[in-house]
>>> print(open('protein.txt').read())   # compact mmCIF, C-alpha atoms
# COMPACT_ATOMS: atom_id res chain seq x y z
CA MET V 1 113.16 91.32 105.28
CA ILE V 2 109.67 89.81 105.36
CA GLU V 3 110.00 88.72 101.74
CA LYS V 4 113.18 86.89 102.65
CA TYR V 5 111.26 85.12 105.39
CA LEU V 6 108.42 84.28 103.00
CA THR V 7 110.85 82.70 100.56
CA GLY V 8 112.11 80.30 103.21
CA SER V 9 108.70 79.63 104.74
CA ILE V 10 107.06 78.88 101.39
CA GLY V 11 109.90 76.50 100.58
CA GLU V 12 109.45 74.74 103.92
CA SER V 13 105.70 74.39 103.33
CA LEU V 14 106.30 72.95 99.86
CA GLU V 15 108.60 70.33 101.34
CA ARG V 16 106.05 69.57 104.02
CA THR V 17 103.43 69.06 101.33
CA ARG V 18 105.71 66.69 99.41
CA GLN V 19 106.40 64.61 102.50
CA LEU V 20 102.71 64.41 103.35
CA ARG V 21 101.99 63.24 99.82
CA GLN V 22 104.59 60.53 100.32
CA ILE V 23 102.73 59.24 103.37
CA VAL V 24 99.42 59.19 101.48
CA GLN V 25 101.04 57.34 98.56
CA LYS V 26 102.04 54.36 100.70
CA ARG V 27 100.19 51.07 100.28
CA TYR V 28 96.94 50.78 102.22
CA LEU V 29 93.89 48.56 102.08
CA ARG V 30 91.45 49.63 99.38
CA GLU V 31 88.99 50.68 102.11
CA TYR V 32 91.19 53.77 102.68
CA ASP V 33 91.08 54.90 99.04
CA GLY V 34 88.37 57.50 99.66
CA LEU V 35 90.34 59.25 102.40
CA ARG V 36 93.54 59.04 100.36
CA GLN V 37 91.87 60.70 97.37
CA ILE V 38 90.53 63.53 99.52
CA CYS V 39 93.97 64.09 101.06
CA LEU V 40 95.77 64.00 97.71
CA SER V 41 93.30 66.42 96.17
CA ARG V 42 93.78 68.91 98.99
CA LEU V 43 97.54 68.49 98.96
CA ASP V 44 97.57 69.10 95.18
CA GLU V 45 95.60 72.32 95.69
CA THR V 46 97.96 73.38 98.47
CA GLN V 47 101.06 72.65 96.42
CA LEU V 48 99.76 74.68 93.46
CA ALA V 49 98.87 77.62 95.71
CA LEU V 50 102.30 77.56 97.34
CA GLN V 51 104.07 77.30 93.99
CA ARG V 52 102.17 80.34 92.71
CA LEU V 53 103.37 82.29 95.73
CA ALA V 54 106.94 81.07 95.21
CA ASP V 55 106.90 82.06 91.51
CA GLU V 56 105.34 85.50 91.99
CA THR V 57 107.47 88.40 90.84
CA ILE V 58 107.78 91.11 93.48
CA VAL V 59 107.18 94.54 91.94
CA ASP V 60 105.85 96.51 94.91
CA SER V 61 106.55 94.87 98.26
CA ALA V 62 104.47 97.45 100.12
CA LEU V 63 101.39 96.13 98.32
CA GLN V 64 102.33 92.53 97.63
CA THR V 65 103.99 91.41 100.86
CA PRO V 66 101.00 91.94 103.19
CA ARG V 67 98.75 90.11 100.72
CA ARG V 68 101.27 87.29 100.29
CA THR V 69 101.63 86.92 104.04
CA ARG V 70 97.86 86.64 104.46
CA GLU V 71 97.70 84.08 101.67
CA LEU V 72 100.46 82.01 103.27
CA LYS V 73 98.50 82.02 106.54
CA ARG V 74 95.40 80.71 104.73
CA ILE V 75 97.39 78.00 102.96
CA ALA V 76 99.12 76.96 106.19
CA LYS V 77 95.74 76.61 107.91
CA ARG V 78 94.45 74.31 105.15
CA LEU V 79 97.68 72.31 105.17
CA ASN V 80 97.53 71.86 108.93
CA ALA V 81 93.99 70.51 108.61
CA VAL V 82 95.02 67.93 106.01
CA GLU V 83 98.02 66.87 108.09
CA GLY V 84 96.25 66.88 111.44
CA VAL V 85 93.15 65.00 110.30
CA GLY V 86 93.37 63.05 107.06
CA VAL V 87 97.06 62.22 106.77
CA PHE V 88 97.36 61.67 110.52
CA ALA V 89 94.58 59.07 110.35
CA LEU V 90 96.31 57.29 107.46
CA SER V 91 99.67 57.32 109.23
CA ARG V 92 98.14 55.69 112.32
CA THR V 93 96.22 52.85 110.68
CA SER V 94 95.98 49.75 112.85
CA PRO V 95 94.38 46.28 112.76
CA ASP V 96 91.42 47.80 114.64
CA ASP V 97 91.06 50.39 111.87
CA ASP V 98 91.29 47.70 109.19
CA PHE V 99 88.59 45.68 110.93
CA LEU V 100 86.04 48.51 111.13
CA ASN V 101 86.86 49.83 107.67
CA ARG V 102 86.01 46.43 106.26
CA LYS V 103 82.84 46.35 108.36
CA ILE V 104 81.57 49.87 107.63
CA THR V 105 80.76 48.94 104.04
CA ASP V 106 78.56 46.11 105.30
CA ILE V 107 76.91 48.43 107.81
CA CYS V 108 76.09 50.99 105.12
CA ASN V 109 74.85 48.31 102.71
CA GLU V 110 72.59 46.79 105.36
CA ILE V 111 70.72 50.06 105.91
CA ALA V 112 70.92 51.25 102.28
CA PHE V 113 72.91 54.31 103.35
CA PRO V 114 72.61 56.74 100.41
CA LEU V 115 76.13 58.20 100.55
CA ILE V 116 79.68 56.89 100.20
CA SER V 117 80.78 54.96 103.28
CA PRO V 118 83.17 56.96 105.47
CA THR V 119 86.66 55.90 106.43
CA ILE V 120 87.06 55.04 110.12
CA SER V 121 90.06 55.85 112.31
CA HIS V 122 90.74 55.28 116.01
CA ILE V 123 92.30 58.71 116.54
CA SER V 124 89.66 60.32 118.73
CA GLN V 125 90.91 61.44 122.13
CA ASP V 126 87.40 61.78 123.49
CA TYR V 127 84.36 60.09 121.92
CA PHE V 128 82.84 59.37 118.51
CA HIS V 129 82.93 62.29 116.10
CA ILE V 130 83.13 62.86 112.37
CA TYR V 131 85.00 65.18 110.01
CA PRO V 132 82.49 65.49 107.15
CA GLY V 133 84.98 67.28 104.90
CA PHE V 134 87.27 64.25 105.03
CA ASN V 135 84.42 61.71 105.22
CA LEU V 136 86.32 60.45 108.28
CA LEU V 137 84.64 58.91 111.31
CA CYS V 138 86.80 58.92 114.45
CA LEU V 139 86.57 56.55 117.43
CA PRO V 140 88.57 56.24 120.66
CA LEU V 141 91.72 54.14 120.53
CA ILE V 142 90.31 50.63 121.13
CA GLU V 143 86.56 51.25 120.75
CA SER V 144 86.11 48.65 118.01
CA ARG V 145 87.00 45.90 120.48
CA PHE V 146 83.77 46.57 122.37
CA LEU V 147 80.16 46.51 121.20
CA LEU V 148 78.08 48.58 123.60
CA HIS V 149 78.97 52.03 122.21
CA LEU V 150 79.21 51.05 118.54
CA PRO V 151 75.57 52.03 117.79
CA ASP V 152 76.87 55.62 117.83
CA ILE V 153 78.45 54.92 114.45
CA TYR V 154 74.95 55.31 112.98
CA HIS V 155 74.48 58.71 114.61
CA GLU V 156 77.71 59.94 113.03
CA LEU V 157 76.69 58.63 109.60
CA CYS V 158 73.69 60.95 109.68
CA HIS V 159 75.90 64.02 110.14
CA LEU V 160 77.10 63.48 106.57
CA PHE V 161 73.60 64.38 105.33
CA HIS V 162 74.25 67.91 106.58
CA GLN V 163 77.50 68.48 104.70
CA ASP V 164 77.12 71.42 102.31
CA GLN V 165 77.54 69.42 99.09
CA ASN V 166 74.95 66.86 100.23
CA VAL V 167 72.17 69.25 101.23
CA ASP V 168 70.84 69.55 97.66
CA LEU V 169 71.18 65.90 96.64
CA PRO V 170 67.90 64.65 95.12
CA SER V 171 68.27 61.35 96.99
CA LEU V 172 68.21 63.21 100.32
CA ARG V 173 65.39 65.60 99.45
CA PRO V 174 62.71 64.03 101.74
CA TYR V 175 65.11 64.15 104.67
CA HIS V 176 65.98 67.80 104.17
CA ILE V 177 62.35 68.77 103.64
CA ALA V 178 61.60 67.22 107.04
CA TYR V 179 64.59 68.98 108.58
CA LYS V 180 63.62 72.38 107.20
CA ARG V 181 60.05 71.90 108.38
CA CYS V 182 61.31 71.37 111.91
CA MET V 183 63.52 74.42 111.64
CA PHE V 184 60.47 76.48 110.70
CA ASP V 185 58.57 75.01 113.65
CA LYS V 186 61.48 75.93 115.92
CA VAL V 187 61.64 79.50 114.58
CA GLU V 188 57.90 79.93 115.04
CA HIS V 189 58.01 78.61 118.60
CA PHE V 190 60.76 80.91 119.82
CA ARG V 191 59.39 83.90 117.89
CA ASN V 192 56.05 83.42 119.66
CA GLU V 193 57.78 83.04 123.02
CA ILE V 194 59.82 86.20 122.50
CA THR V 195 56.74 88.14 121.35
CA ALA V 196 54.82 86.99 124.41
CA ALA V 197 57.70 87.95 126.71
CA GLU V 198 57.89 91.42 125.14
CA ARG V 199 54.14 91.89 125.40
CA VAL V 200 54.13 91.39 129.16
CA ARG V 201 57.35 93.40 129.50
CA LYS V 202 59.45 90.62 130.96
CA PRO V 203 63.03 91.60 131.89
CA GLY V 204 65.46 91.83 129.01
CA GLY V 205 67.39 88.88 130.36
CA ASN V 206 64.44 86.57 129.71
CA ILE V 207 64.30 87.62 126.08
CA HIS V 208 68.05 87.24 125.63
CA GLN V 209 67.73 83.77 127.17
CA LEU V 210 65.13 82.75 124.59
CA ARG V 211 67.32 84.09 121.79
CA LEU V 212 70.30 82.13 123.11
CA TRP V 213 68.29 78.90 123.05
CA ASP V 214 67.01 79.70 119.57
CA THR V 215 70.61 80.11 118.38
CA PHE V 216 71.72 76.82 119.92
CA TRP V 217 68.80 75.00 118.33
CA THR V 218 69.75 76.43 114.94
CA ILE V 219 73.49 75.84 115.06
CA TYR V 220 73.72 72.56 116.96
CA TRP V 221 70.73 70.90 118.55
CA MET V 222 68.32 70.28 115.69
CA GLN V 223 70.97 68.37 113.78
CA GLU V 224 71.91 66.37 116.87
CA PHE V 225 68.30 65.38 117.47
CA PHE V 226 67.91 64.23 113.87
CA CYS V 227 71.13 62.22 114.09
CA ASP V 228 70.01 60.61 117.36
CA LEU V 229 66.72 59.61 115.81
CA PHE V 230 68.48 58.26 112.71
CA GLY V 231 70.45 56.06 115.11
CA VAL V 232 67.26 54.80 116.74
CA LEU V 233 65.58 54.17 113.40
CA THR V 234 68.50 52.12 112.06
CA THR V 235 69.57 50.18 115.17
CA GLY V 236 66.52 50.12 117.43
CA PRO V 237 66.92 49.79 121.23
CA ALA V 238 70.71 49.33 121.06
CA PHE V 239 71.20 52.98 120.20
CA VAL V 240 69.09 54.16 123.14
CA TRP V 241 70.93 51.84 125.51
CA SER V 242 74.23 53.25 124.25
CA HIS V 243 72.99 56.74 125.13
CA PHE V 244 72.07 55.51 128.59
CA HIS V 245 75.53 53.92 128.87
CA LEU V 246 77.27 57.16 127.90
CA CYS V 247 75.19 59.32 130.24
CA VAL V 248 75.79 57.14 133.28
CA LYS V 249 79.53 56.84 132.66
CA ARG V 250 80.39 60.29 131.37
CA GLY V 251 77.38 62.59 131.46
CA ASP V 252 76.64 65.47 133.79
CA ASP V 253 73.23 66.77 134.84
CA PRO V 254 70.86 65.38 132.14
CA PHE V 255 68.62 68.46 132.51
CA GLU V 256 71.46 70.95 132.10
CA THR V 257 70.26 74.01 130.20
CA PRO V 258 72.51 76.85 128.96
CA LEU V 259 71.89 80.11 130.78
CA ILE V 260 73.07 83.59 129.84
CA ASN V 261 74.33 84.21 133.39
CA GLU V 262 76.68 81.24 132.98
CA PRO V 263 78.35 82.05 129.63
CA GLN V 264 81.18 79.52 129.85
CA GLN V 265 78.80 76.66 130.60
CA ALA V 266 76.41 77.86 127.92
CA PHE V 267 78.89 77.90 125.08
CA GLU V 268 80.19 74.44 125.93
CA GLN V 269 76.77 72.85 125.38
CA THR V 270 76.89 71.92 121.71
CA HIS V 271 74.58 68.94 122.32
CA PRO V 272 71.04 69.06 123.70
CA ALA V 273 70.33 68.05 127.29
CA ASP V 274 70.68 64.30 127.74
CA ASP V 275 67.16 63.91 129.09
CA ALA V 276 65.67 65.68 126.08
CA ARG V 277 67.67 63.39 123.83
CA MET V 278 66.46 60.36 125.77
CA GLN V 279 62.82 61.43 125.53
CA VAL V 280 62.86 61.78 121.73
CA MET V 281 64.69 58.46 121.42
CA LEU V 282 62.09 56.69 123.54
CA SER V 283 59.30 58.27 121.50
CA MET V 284 60.92 57.02 118.31
CA LEU V 285 61.34 53.54 119.77
CA THR V 286 57.63 53.43 120.55
CA ALA V 287 56.76 54.76 117.08
CA SER V 288 58.93 52.00 115.58
CA GLY V 289 57.13 49.21 117.44
CA PHE V 290 59.61 48.69 120.28
CA ASP V 291 57.06 49.46 123.01
CA HIS V 292 58.32 46.94 125.55
CA GLU V 293 61.96 48.01 125.13
CA ALA V 294 61.04 51.70 125.39
CA LYS V 295 59.29 51.09 128.73
CA ARG V 296 62.24 49.10 130.06
CA ILE V 297 64.76 51.78 129.12
CA ASN V 298 62.55 54.53 130.52
CA THR V 299 62.35 52.69 133.84
CA GLU V 300 66.13 52.38 134.04
CA TRP V 301 66.55 56.03 133.03
CA ARG V 302 64.15 57.29 135.67
CA ASP V 303 65.86 55.15 138.32
CA PHE V 304 69.20 56.66 137.34
CA VAL V 305 67.87 60.24 137.44
CA GLU V 306 66.21 59.66 140.82
CA ILE V 307 69.12 57.95 142.53
CA MET V 308 71.51 60.69 141.37
CA GLY V 309 69.17 63.41 142.64
CA TYR V 310 68.89 65.35 139.38
CA ASP V 311 66.06 67.91 139.30
CA VAL V 312 64.18 69.55 136.46
CA GLU V 313 64.40 73.35 136.42
CA PRO V 314 61.70 75.54 134.79
CA GLU V 315 64.21 76.69 132.14
CA TYR V 316 64.57 73.12 130.91
CA ARG V 317 60.89 72.91 129.95
CA GLN V 318 61.08 76.28 128.23
CA CYS V 319 64.17 75.32 126.29
CA TYR V 320 62.89 71.90 125.17
CA PRO V 321 59.12 72.23 124.64
CA GLU V 322 57.37 68.86 124.34
CA GLU V 323 55.36 69.93 121.30
CA LEU V 324 58.50 70.75 119.32
CA LEU V 325 60.21 67.51 120.38
CA SER V 326 57.17 65.54 119.25
CA LYS V 327 57.19 67.23 115.84
CA ILE V 328 60.88 66.38 115.43
CA VAL V 329 60.22 62.69 116.08
CA THR V 330 57.41 62.56 113.51
CA ALA V 331 59.33 64.53 110.88
CA THR V 332 62.55 62.53 111.25
CA LYS V 333 60.72 59.25 110.78
CA VAL V 334 59.05 60.52 107.63
CA GLY V 335 62.29 62.02 106.31
CA VAL V 336 64.52 58.98 106.94
CA GLU V 337 61.98 56.51 105.57
CA GLY V 338 61.49 58.83 102.60
CA ILE V 339 65.12 58.44 101.48
CA GLY V 340 64.85 54.66 101.47
CA VAL V 341 67.00 53.89 104.50
CA VAL V 342 66.22 50.44 105.92
CA THR V 343 64.82 50.96 109.42
CA ALA V 344 64.86 48.58 112.37
CA LYS V 345 61.73 46.61 113.20
CA PRO V 346 61.15 44.31 116.20
CA ASP V 347 61.10 41.30 113.88
CA ALA V 348 63.57 42.59 111.30
CA LEU V 349 66.99 43.87 112.34
CA ALA V 350 69.92 44.20 109.95
CA PRO V 351 72.75 41.75 110.85
CA PHE V 352 75.09 44.21 112.56
CA ALA V 353 72.25 46.04 114.29
CA GLY V 354 71.02 42.63 115.43
CA LEU V 355 74.43 41.88 116.96
CA LEU V 356 74.45 45.23 118.79
CA ASN V 357 70.98 44.57 120.20
CA SER V 358 72.00 41.06 121.21
CA ALA V 359 74.97 42.55 123.06
CA TRP V 360 72.72 44.76 125.16
CA LYS V 361 70.33 41.91 125.87
CA GLU V 362 73.24 39.77 127.01
CA PHE V 363 74.64 42.62 129.11
CA TRP V 364 71.40 42.91 131.08
CA ARG V 365 70.81 39.15 131.23
CA ALA V 366 74.14 38.37 132.88
CA PRO V 367 76.35 41.42 133.50
CA GLU V 368 78.98 39.34 135.27
CA ASP V 369 79.40 37.08 132.23
CA TYR V 370 79.06 39.72 129.54
CA GLN V 371 82.75 40.37 128.88
CA ALA V 372 83.40 36.73 128.00
CA TRP V 373 80.37 36.69 125.70
CA GLU V 374 81.47 39.92 124.00
CA ALA V 375 85.02 38.67 123.47
CA GLY V 376 83.70 35.54 121.77
CA LYS V 377 81.35 37.47 119.47
CA HIS V 378 84.08 39.94 118.61
CA ALA V 379 86.45 37.12 117.67
CA GLU V 380 83.77 35.54 115.47
CA LEU V 381 83.12 38.86 113.75
CA ARG V 382 86.80 39.50 113.02
CA SER V 383 87.28 35.95 111.80
CA SER V 384 84.35 36.22 109.37
CA LEU V 385 85.67 39.47 107.92
CA HIS V 386 89.14 37.98 107.51
CA ALA V 387 87.64 35.00 105.71
CA ASP V 388 85.70 37.28 103.38
CA SER V 389 88.83 39.22 102.46
>>> encode(input="protein.txt", output="structure tokens")
Amino acid sequence: MIEKYLTGSIGESLERTRQLRQIVQKRYLREYDGLRQICLSRLDETQLALQRLADETIVDSALQTPRRTRELKRIAKRLNAVEGVGVFALSRTSPDDDFLNRKITDICNEIAFPLISPTISHISQDYFHIYPGFNLLCLPLIESRFLLHLPDIYHELCHLFHQDQNVDLPSLRPYHIAYKRCMFDKVEHFRNEITAAERVRKPGGNIHQLRLWDTFWTIYWMQEFFCDLFGVLTTGPAFVWSHFHLCVKRGDDPFETPLINEPQQAFEQTHPADDARMQVMLSMLTASGFDHEAKRINTEWRDFVEIMGYDVEPEYRQCYPEELLSKIVTATKVGVEGIGVVTAKPDALAPFAGLLNSAWKEFWRAPEDYQAWEAGKHAELRSSLHADS
């Protein structure tokens, strides 16, 4: 009976694969070719795997059927990923997508980005994020019509450095040396903290807490810090202002620290505390020569924290030690500059980074008039890209 089901289900999946291929084969701007090739390659692999299952001769169903069912589950999972990410993005292309996909090549050229430019799609239902396996950067529905959050594009670009096939690239070697050095520093810090806690016989909960933080640093936070600092290095103050913008509009307690007695809250915190992120960004701004801007942003940040009544808990300082944060700033600067990325200087901003910084200056100069200014700049930008095409 199960084999009869498998016959029908495999056939359905093959037809699904064919129809997805048909969507990918439609005519798109050349800027989508990278995503199309990834989707077609994965659909080809899926189709071959399904066809092998369909053609298999059943000799012993007691042995073969369980294995075939497990294999169909694995294939279906891969197929769902292609459909739900890559092909979905292609099927929902819009003028806003076309605009940013033409612009992303310029952005990557301006900073000498050492990898293939990603495809951009406005399919995010939350905020900026990236699917490294599809080289697909996702933005909210109409985000490209506004400038203040666009510096986060640069943060997402950096996540591509951490994709498995890019970790050993010779061109990225200085970056990954810096990253590994910080990981060693992190391991040493928490090992010393745990050893000290055990020596004075602190309660087991304290040790488990340190191990939880160590795990979060390893899995999530170190990469997020490096990506934040890449954003600062390539766009300057605009990236830090965009972080401020996001925290005020959508952030929670900027000192929030995962605790073992609050497991649900702990396992939702895939990004470091917003204040820790802000502090490393401000340090990088100062190290890059943007002293005046760093002081201005810090003043606004402290005013925001004070007026909202946020307090620093002792766990926050333990979780984000200043010495480790300082080492991350120094290492990231060395690593990013070592791979030849063009960094922002007070007197030398790449064209698009310059526009993003101008947007924030205009926002603070005349908030009541900013929307009209932004609309005009956006129209100029779209017009110039259309003329170039």
>>> atom_distance(input="protein.txt", atom1="atom CA of Trp360 of chain V", atom2="atom CA of His243 of chain V")
12.0 Å
>>> residues_around(input="protein.txt", residues="segment 18-28 of chain V", least_positions_apart="4", cutoff="12 Å", atoms="all atoms listed in the file", output="ChimeraX atom specification")
/V:11-14,32-48,50,79-95,97-98,101
>>> atom_distance(input="protein.txt", atom1="atom CA of Glu143 of chain V", atom2="atom CA of Ser288 of chain V")
28.1 Å
>>> residues_around(input="protein.txt", residues="segment 214-222 of chain V", least_positions_apart="5", cutoff="7 Å", atoms="only C-alpha atoms", output="list in words")
Phe190, Thr270, His271 and Pro272 of chain V
>>> write_last_selection(input="protein.txt", atoms="C-alpha atoms", output="JSON list (two decimals), in the frame of the given file")
[["chain", "number", "residue", "atom", "x", "y", "z"],
["V", 190, "PHE", "CA", 60.76, 80.91, 119.82],
["V", 270, "THR", "CA", 76.89, 71.92, 121.71],
["V", 271, "HIS", "CA", 74.58, 68.94, 122.32],
["V", 272, "PRO", "CA", 71.04, 69.06, 123.70]]
>>> closest_residue(input="protein.txt", among="V:Leu381, V:Leu63, V:Val187, V:Leu169", to="Phe352 of chain V", atoms="all atoms listed in the file")
V:Leu381
>>> closest_residue(input="protein.txt", among="V:Lys295, V:Lys377, V:His245, V:Arg201", to="Pro151 of chain V", atoms="all atoms listed in the file")
V:His245
>>> closest_residue(input="protein.txt", among="V:Lys73, V:His176, V:Lys333, V:Arg16", to="Ser283 of chain V", atoms="all atoms listed in the file")
V:Lys333
